[in-house]
Amino acid sequence: MAFSSRRAGGGWASSLLPTARHGGKQNRKLRKRGAGAVIDFAISNFFTIGLAITVTVFLIIVFRFAAVPKPLRFRGSSQVRSFRTRKPVANKSPNATNLAASVDITTKDLYDKIQFLDEDGGAWKQGWRVTYRGNEWDEEKLKIFVVPHSHNDPGWKLTVDEYYERQSRHIIDTIVETLSKDNRRKFIWEEMSYLEKWWRDASDVKRDSFINLVRSRQLEIVGGGWVMNDEANSHYFAIIEQITEGNMWLNETVGVVPKNSWSIDPFGYSSTMSYLLRRMGFENMLIQRTHYELKKELALHKNLEYVWRQSWDADETTDIFVHMMPFYSYDIPHTCGPEPAVCCQFDFARMPEFVYERCPWGKYPVETDQDNVKERALTLLDQYRKKSTLYRTNTLLIPLGDDFRYIGIDEAEAQFRNYQSLFDYINSDPSLHAEAQFGTLDDYFRSLRDEADRRNYSRIGEIGSGEISGFPSLSGDFFTYADRNQDYWSGYYVSRPFFKAVDRVLEQTLRGAEMMMTFLFGYCHKIQCERLPSSFSYKLTSARRNLALFQHHDGVTGTAKDHVVKDYGVRMHLALHDLQVFMSKAIEVLLGIRHDKNDQNPANFEPAQTRSAYDAHPVYKAISAREGTVQTVVVFNPLEQTRDEVVMVVVERPDVTVLDSNWTCIKSQISPELHPDQKVIFTGRHRVYWKASIPALGLQTYYVANGFVGCEKAKPASLRIFSPSKQPSCPASYSCSILESGPVDISNQHLTLTFDTSHGLLQKVSHKDGRSNNVGEEIAMYSSTESGAYLFKPNGDAESVSLPGGLLVISEGHLVQESYSYPKTKWDKAPISHSTRVYNIESTIQEFIIEKEYHVELIGHDFDDMELIARYKTDVYNNRIFYSDLNGFQMSRRETYDKIPVQGNYYPMPSLAFMQSPKGERFSVHTKQSLGVASLKDGWLEVMLDRRLVRDDGRGLGQGVLDNHPMNVLFHLTVEFNISTPADPITISHPLNPTLFSHLVGAHLNHPMHIFIAKSPESISAQPPPRSFSPLVASLPCDLHVVNLKVIRPISYSQQLPGEPKFALILHRRHWDSSYCRRGRVQCSTMAHEAVNLFEMFRGITVLSAKLSSINLLHDDTELLGYNEHFAVGAQEGHVLISPMEIQAYKLHLQLQQ
């Protein structure tokens, strides 16, 4: 969404004239020009040059004859680009607590250095008055690549279908027709969601023309994901899915695989994205929306192009080259050079005959003709030259486009015709030392790399990269984004949190369904058992694409119009329903109940938790539990380790018994189901809890019975109730007592939680070894009259909303103890109620966690322009330094700065945030959905839960955020103590890692058990045989995570060649801080520093072959992906040995053992 016509309200039309300020020229390294300088240099350095030649010859001999890895070959280039020999990828020991990269620049260092003064730079308002001498291009002429593009949002103000019908289909038609007229014309396209729709509608002639344009290099597909995904809220699972879906469709349809990423509109950038792209075979990236002060600092030192390295990569295997655009927007006024008033004159679609906004600076584009071509060309070239001084090379990139541009032939012709005339003039005058042409992104990067090979742009002492010489290396991420003044885009971390939660539910349901489809095909040896997965393949593909669509940077961000949000929600709801129905049928086949299921057969099971509509809160199905009946419950464990944990289903009657698959009695607990509304505390239904043990990636069967002789019934919890007014009636079957005012505890064998009864808030956590921690839970609200869907701009600090005199219910059982608080607030209906649980069960993750569940209803005009937070005021003093995750993949160090406002100190929190004291105490908040987090005072950690905003924030959406829905936000809180000397967060600038226990907590929270309940009860006299499904020979190592196990091409599964790998296994080895418990508190028996044998991984299935692949499943060149050769060799032998933090994909050929 461009600034000029969309998100900026026209930019700064009242920009001042350029000032005399000249930024940073004196500090730049100047290259000597001219033959005289070369001769002088050669004479003065004769001995050094001779030594260098000798060393070079020696290295050539070594590279030619010794066993040294060959340089990376870049596709599309006839040259082999030289690079420094990479260090081997070491298999890090689990005791290597902190991996740290050596780089030239970190984003932390930039934040420390920049004063964030927002100084007026004149014509380039956020920069300085750019000048040049005029002789910079005498030896190496300026090579200008003007790259036409059209940014097509798959949903924003209109739905994806509305945009397609009204604009996008016409844009692609225009591209095909206008590029075919002149082979000098070029274009790039990014979003496969639109291209796939166009492809279905296009004639064979148009399809052939499109393919020919791609093959002739006139048209380049950049990125090639289903969408241009958000990078703050999206989980790395979903990012992988959306890129893979787009890239694979493109490869199968057009026969091309992208190698350059184009990401101009996400609101900030994550280093996770650069890692994933590198491991997918991408070579170059382009980004745009970074903090304007960071852009200025990087431009001052010609560091806008750099090699992005992961902060944990000590071996330089994750390096990828990045071009950062320097100015305010990606529209034409902000891309040709530093002066938007001039650049706007060269947006020929703003001429009067077109519908676009006129230039707000008062000077308008005119048709280029013989009378004005010289003046126009020299004016444009002046901007090009000024822009080129911000970069090291003489190869210059000029994007030429905006949102939904090139919609018609006349518009496209106006741009191509006028620019070609300007190019012809520039190219005809050798004295200008410039060559301008239309180009693709690949044209630009090829030329830049060629120039970097020929000329040395490296600086003394610069670490650089073996990937490409002459550029600095950088690590870190680019959050939180600000586009001007103190307008920080941290609001979208939380906007529409209901749908952010649905997104994550869809992700983990899709992952579970992918696994079940793999097992259905893998264990099938008769045609009838292939019916179900084969008939479901189209719906699975649709679910993949609906999840992918929501990753768009106006989808998961919550920054679209209300009806567009509804469209996303309906699509996700449909996908979720289809997947749950499939899984309900698949468990029958996998458990051997029925083998001949297909997608048309009705399911005999249903998920325990369902949604009636796209915007409905999920509800639990209640088991009737009538006398003399039994109802089957099947539990699916989507994780790669056996899980022992307490599970729960809802029943209508409390007198039930739980039995395992062998009809053995299991101890269970019954508790009343509580309603989030204080007016009706007890629903009349009940929750039954028991400890379940489920094999890795497997299924286990349980039974809930009423009237089973010889088994103890579920033991009721006891209730204590604090009510300042009328005491609520005690539900039947439970004992109740009055809770007196003052502190009250709930506990298990490890933790004691202390609450203030009057406010119902968690105050303190005591540990069994005598240590304790203040937690100081607070529910507070920001008043924000300038916030919107994108921006968070509070009026001041958040104020507590809890008043003395709330209602508190304590439920205590032998498995689960819970505190449920109904706060008293100044409003008649409080916007929040919340529960806190501890689990009393041994040898599980659950026994060490504090489960917080907030029920949020920020609904009604009482809460207009308010933003709700949960804040923890702990005694884990962190000096306002904390760590939040990037996309659920890695951590980033965050520090609160006084020089930027509150909104700039908020950061994305997709799954985890923690803070650590210098002594090693660590307080963590794990979340099941993406939210925003900050540490504004020493020892404080706050998380924003929801926001309701009346006003538009001036970024083009044209509305506030008022479509709030009731929702539950689930956290797992943990307090940990070090067992050895930990890293000091204050002195160590690189990110710290989660503990092994923290990784396991996050995995359990984000990949919960899938519970299915038989639709109909059976007679208690009918006892089926034991039923379970255990596909793995053994649990995988505790630090190894199965990102996905999937059928690669489900629709064409049966048409694939017999020996072709049909399945993909994607693994991620987590890195963890060994200063804390090294067995994850649950006696982990193996870690991934020991090889896993893929050939012996599955029970009953033979892995005939395993081939290392890129994460998007399209490449097998290990050097292209950054891996070393031993990875590929190990895969062929079935040995998986993954370095910490790495993700690796394997294509598998499976066969059922006879």
# chains A, B, ... in the order shown; residues from 1 in each chain; ligands from 1
>>> closest_atom_pairs(of="stretch 232-284 of chain A", to="stretch 1122-1144 of chain A", cutoff="12 Å", atoms="only C-alpha atoms", output="tab-separated table")
residue	atom	partner	partner_atom	distance
A:Tyr236	CA	A:Ile1143	CA	10.7
A:Phe237	CA	A:Ile1143	CA	11.0
A:Ile240	CA	A:Ile1143	CA	10.8
A:Thr272	CA	A:Met1141	CA	10.8
A:Tyr275	CA	A:Glu1142	CA	9.2
A:Leu276	CA	A:Ile1143	CA	8.5
A:Leu277	CA	A:Gly1122	CA	10.8
A:Arg278	CA	A:Gly1122	CA	7.1
A:Arg279	CA	A:Gly1122	CA	6.7
A:Met280	CA	A:Gly1122	CA	9.5
A:Gly281	CA	A:Gly1122	CA	8.3
A:Phe282	CA	A:Gly1122	CA	10.3
A:Glu283	CA	A:Gly1122	CA	10.3
>>> residues_around(residues="A:Glu606", least_positions_apart="4", cutoff="6 Å", atoms="only C-alpha atoms", output="ChimeraX atom specification")
/A:584,1012-1013
>>> write_last_selection(atoms="C-alpha atoms", output="tab-separated table (two decimals), in the first residue's frame")
chain	number	residue	atom	x	y	z
A	584	SER	CA	-12.26	-37.23	12.33
A	1012	PHE	CA	-12.12	-36.34	19.01
A	1013	ILE	CA	-15.33	-37.68	20.51
>>> residues_around(residues="stretch 986-995 of chain A", least_positions_apart="3", cutoff="8 Å", atoms="only C-alpha atoms", output="PyMOL selection string")
chain A and resi 97-98+100+108+311+879+881+883+890-893+918+983+998-999+1071-1074+1076-1077+1080
>>> write_last_selection(atoms="N, CA and C atoms", output="mmCIF file, in the first residue's frame")
data_model
loop_
_atom_site.group_PDB
_atom_site.id
_atom_site.type_symbol
_atom_site.label_atom_id
_atom_site.label_comp_id
_atom_site.auth_asym_id
_atom_site.auth_seq_id
_atom_site.Cartn_x
_atom_site.Cartn_y
_atom_site.Cartn_z
ATOM 1 N N THR A 97 26.067 -22.642 24.842
ATOM 2 C CA THR A 97 24.873 -21.903 25.251
ATOM 3 C C THR A 97 24.506 -20.821 24.262
ATOM 4 N N ASN A 98 25.451 -20.006 23.847
ATOM 5 C CA ASN A 98 25.143 -18.872 22.993
ATOM 6 C C ASN A 98 26.013 -18.903 21.751
ATOM 7 N N ALA A 100 27.094 -16.933 18.426
ATOM 8 C CA ALA A 100 27.114 -15.507 18.080
ATOM 9 C C ALA A 100 27.873 -15.298 16.785
ATOM 10 N N LYS A 108 20.972 -3.477 16.941
ATOM 11 C CA LYS A 108 21.107 -2.938 18.300
ATOM 12 C C LYS A 108 22.097 -1.783 18.327
ATOM 13 N N SER A 311 22.017 -13.849 13.690
ATOM 14 C CA SER A 311 22.809 -13.458 14.858
ATOM 15 C C SER A 311 23.507 -14.642 15.503
ATOM 16 N N ASN A 879 16.622 -4.563 34.004
ATOM 17 C CA ASN A 879 17.162 -3.316 33.443
ATOM 18 C C ASN A 879 16.459 -2.937 32.140
ATOM 19 N N ILE A 881 15.610 -4.805 29.767
ATOM 20 C CA ILE A 881 16.070 -5.622 28.634
ATOM 21 C C ILE A 881 15.268 -6.919 28.660
ATOM 22 N N TYR A 883 13.572 -10.291 25.875
ATOM 23 C CA TYR A 883 13.742 -11.030 24.628
ATOM 24 C C TYR A 883 12.370 -11.456 24.127
ATOM 25 N N GLN A 890 13.211 -17.850 16.469
ATOM 26 C CA GLN A 890 14.405 -17.422 17.178
ATOM 27 C C GLN A 890 14.060 -16.224 18.051
ATOM 28 N N MET A 891 14.983 -15.867 18.936
ATOM 29 C CA MET A 891 14.759 -14.753 19.848
ATOM 30 C C MET A 891 15.494 -13.500 19.361
ATOM 31 N N SER A 892 14.980 -12.360 19.782
ATOM 32 C CA SER A 892 15.633 -11.093 19.497
ATOM 33 C C SER A 892 15.746 -10.303 20.799
ATOM 34 N N ARG A 893 16.904 -9.695 21.007
ATOM 35 C CA ARG A 893 17.110 -8.894 22.206
ATOM 36 C C ARG A 893 16.392 -7.555 22.060
ATOM 37 N N PRO A 918 20.433 -10.406 36.087
ATOM 38 C CA PRO A 918 21.862 -10.764 36.024
ATOM 39 C C PRO A 918 22.187 -12.008 36.844
ATOM 40 N N ALA A 983 24.485 -16.129 30.995
ATOM 41 C CA ALA A 983 24.918 -14.916 30.312
ATOM 42 C C ALA A 983 24.240 -13.712 30.949
ATOM 43 N N SER A 998 11.593 -24.297 28.201
ATOM 44 C CA SER A 998 10.777 -23.275 27.555
ATOM 45 C C SER A 998 10.372 -23.700 26.148
ATOM 46 N N HIS A 999 11.290 -24.300 25.410
ATOM 47 C CA HIS A 999 10.956 -24.825 24.087
ATOM 48 C C HIS A 999 9.827 -25.852 24.183
ATOM 49 N N HIS A 1071 17.756 -24.470 19.454
ATOM 50 C CA HIS A 1071 18.933 -24.186 20.277
ATOM 51 C C HIS A 1071 18.455 -23.704 21.633
ATOM 52 N N TRP A 1072 19.111 -24.146 22.695
ATOM 53 C CA TRP A 1072 18.624 -23.847 24.039
ATOM 54 C C TRP A 1072 19.763 -23.483 24.967
ATOM 55 N N ASP A 1073 19.414 -22.775 26.007
ATOM 56 C CA ASP A 1073 20.375 -22.249 26.961
ATOM 57 C C ASP A 1073 20.680 -23.302 28.013
ATOM 58 N N SER A 1074 21.894 -23.806 27.982
ATOM 59 C CA SER A 1074 22.267 -24.900 28.887
ATOM 60 C C SER A 1074 22.648 -24.404 30.278
ATOM 61 N N TYR A 1076 20.499 -23.535 32.177
ATOM 62 C CA TYR A 1076 19.323 -23.956 32.920
ATOM 63 C C TYR A 1076 19.175 -25.472 32.781
ATOM 64 N N CYS A 1077 18.164 -26.018 33.413
ATOM 65 C CA CYS A 1077 17.984 -27.469 33.444
ATOM 66 C C CYS A 1077 18.168 -28.087 32.069
ATOM 67 N N GLY A 1080 15.187 -30.504 30.419
ATOM 68 C CA GLY A 1080 13.861 -29.970 30.200
ATOM 69 C C GLY A 1080 12.898 -30.237 31.334
#
>>> residues_around(residues="A:Pro654", least_positions_apart="3", cutoff="12 Å", atoms="only C-alpha atoms", output="ChimeraX atom specification")
/A:622-627,649-651,657-658,668-673,684-689,704-707,713-717,731-734
>>> residues_around(residues="A:Lys691", least_positions_apart="6", cutoff="12 Å", atoms="only C-alpha atoms", output="PyMOL selection string")
chain A and resi 635+643-649+658-660+665-669+702+814-816+839-844+846-847
>>> select_by_dssp(residues="stretch 440-554 of chain A", states="alpha helix (DSSP H)", output="number ranges by chain")
A: 441-454, 497-522, 531-550
>>> atom_distance(atom1="atom CA of A:Asp578", atom2="atom CA of A:Lys539")
6.9 Å
>>> select_by_dssp(residues="stretch 909-1150 of chain A", states="strand (DSSP E)", output="compact mmCIF listing (two decimals) with C-alpha atoms, in the first residue's frame")
# COMPACT_ATOMS: atom_id res chain seq x y z
CA MET A 909 5.49 -11.47 20.32
CA LEU A 912 7.38 -16.06 23.61
CA ALA A 913 8.86 -13.23 25.63
CA PHE A 914 11.17 -13.54 28.62
CA MET A 915 13.29 -11.38 30.85
CA GLN A 916 16.29 -12.44 32.89
CA ARG A 922 14.11 -15.94 34.22
CA PHE A 923 10.42 -15.04 33.85
CA SER A 924 8.76 -16.17 30.61
CA VAL A 925 5.38 -15.65 28.98
CA HIS A 926 4.46 -18.17 26.29
CA THR A 927 1.50 -17.27 24.10
CA LEU A 931 0.46 -10.18 20.36
CA GLY A 932 2.59 -7.14 21.31
CA VAL A 933 4.96 -6.96 24.29
CA ALA A 934 7.04 -4.36 26.16
CA TRP A 940 7.94 -5.31 34.24
CA LEU A 941 6.61 -7.26 31.29
CA GLU A 942 3.32 -6.30 29.67
CA VAL A 943 1.37 -7.90 26.85
CA MET A 944 -1.40 -6.18 24.91
CA LEU A 945 -4.53 -8.34 24.66
CA ASP A 946 -6.96 -6.36 22.49
CA ARG A 947 -7.61 -2.87 21.12
CA ARG A 948 -10.78 -1.04 20.09
CA MET A 967 -12.05 -14.43 22.81
CA ASN A 968 -9.73 -16.31 25.12
CA VAL A 969 -6.02 -15.52 25.30
CA LEU A 970 -3.95 -18.35 26.74
CA PHE A 971 -0.50 -17.87 28.33
CA HIS A 972 1.87 -20.29 30.00
CA LEU A 973 4.01 -18.48 32.56
CA THR A 974 7.25 -20.00 33.82
CA VAL A 975 9.85 -18.99 36.38
CA GLU A 976 13.25 -20.68 36.05
CA HIS A 1010 -6.39 -32.93 19.17
CA ILE A 1011 -9.32 -34.61 20.91
CA PHE A 1012 -12.12 -36.34 19.01
CA ILE A 1013 -15.33 -37.68 20.51
CA ALA A 1014 -17.60 -40.37 19.10
CA GLU A 1018 -22.43 -47.11 22.97
CA SER A 1019 -23.64 -49.62 25.48
CA SER A 1028 -3.96 -47.05 19.45
CA PHE A 1029 -1.63 -45.84 16.70
CA LEU A 1040 14.32 -31.79 17.43
CA HIS A 1041 10.96 -30.59 16.13
CA VAL A 1042 8.97 -31.93 13.19
CA VAL A 1043 7.93 -28.73 11.43
CA ASN A 1044 5.86 -30.75 8.98
CA LEU A 1045 5.40 -34.23 7.59
CA LYS A 1046 3.39 -33.95 4.44
CA VAL A 1047 2.45 -35.31 1.05
CA PHE A 1063 6.56 -37.21 1.06
CA ALA A 1064 8.46 -34.41 2.78
CA LEU A 1065 9.83 -34.27 6.32
CA ILE A 1066 10.91 -30.86 7.61
CA LEU A 1067 12.91 -30.79 10.84
CA HIS A 1068 14.06 -27.95 13.06
CA ARG A 1069 16.73 -28.35 15.71
CA VAL A 1092 18.71 -39.67 13.97
CA ASN A 1093 18.35 -42.49 11.43
CA ILE A 1101 7.18 -48.22 7.01
CA THR A 1102 10.45 -48.49 5.12
CA VAL A 1103 12.17 -45.31 3.99
CA LEU A 1104 13.60 -46.41 0.65
CA SER A 1105 15.38 -43.12 0.05
CA ALA A 1106 15.89 -39.74 1.71
CA LYS A 1107 17.11 -36.72 -0.19
CA LEU A 1108 18.05 -33.38 1.31
CA SER A 1109 15.98 -30.58 -0.16
CA HIS A 1135 21.57 -39.99 9.07
CA VAL A 1136 20.10 -36.69 10.24
CA ILE A 1143 15.80 -26.26 9.54
CA GLN A 1144 16.29 -29.05 7.04
CA ALA A 1145 13.89 -30.69 4.64
CA TYR A 1146 14.03 -34.23 3.29
CA LYS A 1147 12.09 -35.80 0.46
CA LEU A 1148 11.18 -39.35 1.37
CA HIS A 1149 10.23 -42.40 -0.64
CA LEU A 1150 8.15 -44.56 1.68
>>> closest_residue(among="A:Ile721, A:Leu117, A:Leu110, A:Ile460", to="A:Arg484", atoms="only C-alpha atoms")
A:Leu117
>>> atom_distance(atom1="atom CA of A:Glu305", atom2="atom CA of A:His323")
4.6 Å
>>> closest_residue(among="A:Asp596, A:Val146, A:Arg504, A:Gly569", to="A:Ile398", atoms="only C-alpha atoms")
A:Val146
>>> closest_residue(among="A:Asn878, A:Ser747, A:Asn284, A:Leu674", to="A:Leu808", atoms="only C-alpha atoms")
A:Leu674
>>> decode(residues="stretch 145-155 of chain A", atoms="all heavy atoms", output="CSV table (one decimal), in the first residue's frame")
chain,number,residue,atom,x,y,z
A,145,PHE,N,18.7,0.6,-13.8
A,145,PHE,CA,17.7,-0.4,-14.1
A,145,PHE,C,16.4,0.1,-13.5
A,145,PHE,O,16.2,0.1,-12.3
A,145,PHE,CB,18.1,-1.8,-13.5
A,145,PHE,CG,19.3,-2.4,-14.2
A,145,PHE,CD1,20.5,-2.2,-13.7
A,145,PHE,CD2,19.1,-3.2,-15.3
A,145,PHE,CE1,21.6,-2.7,-14.3
A,145,PHE,CE2,20.2,-3.7,-16.0
A,145,PHE,CZ,21.5,-3.5,-15.5
A,146,VAL,N,15.5,0.5,-14.4
A,146,VAL,CA,14.2,0.9,-14.0
A,146,VAL,C,13.2,-0.3,-14.1
A,146,VAL,O,13.1,-0.9,-15.1
A,146,VAL,CB,13.6,2.0,-15.0
A,146,VAL,CG1,12.2,2.4,-14.6
A,146,VAL,CG2,14.6,3.3,-14.9
A,147,VAL,N,12.7,-0.6,-12.9
A,147,VAL,CA,12.0,-1.9,-12.8
A,147,VAL,C,10.5,-1.6,-12.6
A,147,VAL,O,10.0,-1.3,-11.5
A,147,VAL,CB,12.5,-2.7,-11.5
A,147,VAL,CG1,11.7,-4.0,-11.4
A,147,VAL,CG2,14.0,-2.9,-11.7
A,148,PRO,N,9.7,-1.8,-13.7
A,148,PRO,CA,8.2,-1.6,-13.6
A,148,PRO,C,7.6,-2.7,-12.7
A,148,PRO,O,8.0,-3.9,-12.8
A,148,PRO,CB,7.7,-1.7,-15.0
A,148,PRO,CG,9.0,-1.4,-15.8
A,148,PRO,CD,10.1,-2.0,-15.1
A,149,HIS,N,6.7,-2.3,-11.9
A,149,HIS,CA,6.0,-3.3,-11.0
A,149,HIS,C,4.6,-2.8,-10.6
A,149,HIS,O,4.3,-1.6,-10.8
A,149,HIS,CB,6.8,-3.5,-9.7
A,149,HIS,CG,6.8,-2.3,-8.8
A,149,HIS,ND1,6.0,-2.2,-7.7
A,149,HIS,CD2,7.6,-1.2,-8.8
A,149,HIS,CE1,6.2,-1.1,-7.1
A,149,HIS,NE2,7.2,-0.4,-7.7
A,150,SER,N,3.8,-3.7,-10.1
A,150,SER,CA,2.5,-3.3,-9.6
A,150,SER,C,2.2,-4.1,-8.3
A,150,SER,O,2.3,-5.4,-8.3
A,150,SER,CB,1.4,-3.7,-10.7
A,150,SER,OG,0.1,-3.4,-10.2
A,151,HIS,N,2.0,-3.4,-7.2
A,151,HIS,CA,1.8,-4.1,-6.0
A,151,HIS,C,0.3,-4.4,-5.8
A,151,HIS,O,-0.5,-3.5,-5.7
A,151,HIS,CB,2.3,-3.2,-4.8
A,151,HIS,CG,2.1,-3.8,-3.5
A,151,HIS,ND1,2.8,-5.0,-3.1
A,151,HIS,CD2,1.3,-3.5,-2.4
A,151,HIS,CE1,2.4,-5.3,-1.9
A,151,HIS,NE2,1.6,-4.5,-1.4
A,152,ASN,N,0.0,-5.7,-5.7
A,152,ASN,CA,-1.4,-6.2,-5.7
A,152,ASN,C,-1.6,-6.9,-4.4
A,152,ASN,O,-1.2,-8.0,-4.2
A,152,ASN,CB,-1.6,-7.1,-6.9
A,152,ASN,CG,-1.8,-6.4,-8.2
A,152,ASN,OD1,-2.8,-6.5,-8.8
A,152,ASN,ND2,-0.7,-5.8,-8.6
A,153,ASP,N,-2.3,-6.2,-3.5
A,153,ASP,CA,-2.6,-6.8,-2.2
A,153,ASP,C,-3.7,-7.8,-2.3
A,153,ASP,O,-4.8,-7.5,-2.8
A,153,ASP,CB,-3.1,-5.7,-1.2
A,153,ASP,CG,-2.0,-4.7,-0.8
A,153,ASP,OD1,-1.1,-5.1,-0.2
A,153,ASP,OD2,-2.1,-3.5,-1.2
A,154,PRO,N,-3.5,-9.0,-1.8
A,154,PRO,CA,-4.6,-10.0,-1.8
A,154,PRO,C,-5.5,-9.8,-0.7
A,154,PRO,O,-5.7,-10.6,0.3
A,154,PRO,CB,-3.8,-11.4,-1.7
A,154,PRO,CG,-2.4,-11.1,-2.0
A,154,PRO,CD,-2.2,-9.6,-1.6
A,155,GLY,N,-6.2,-8.6,-0.7
A,155,GLY,CA,-7.1,-8.2,0.3
A,155,GLY,C,-6.6,-7.0,1.0
A,155,GLY,O,-5.4,-7.0,1.5
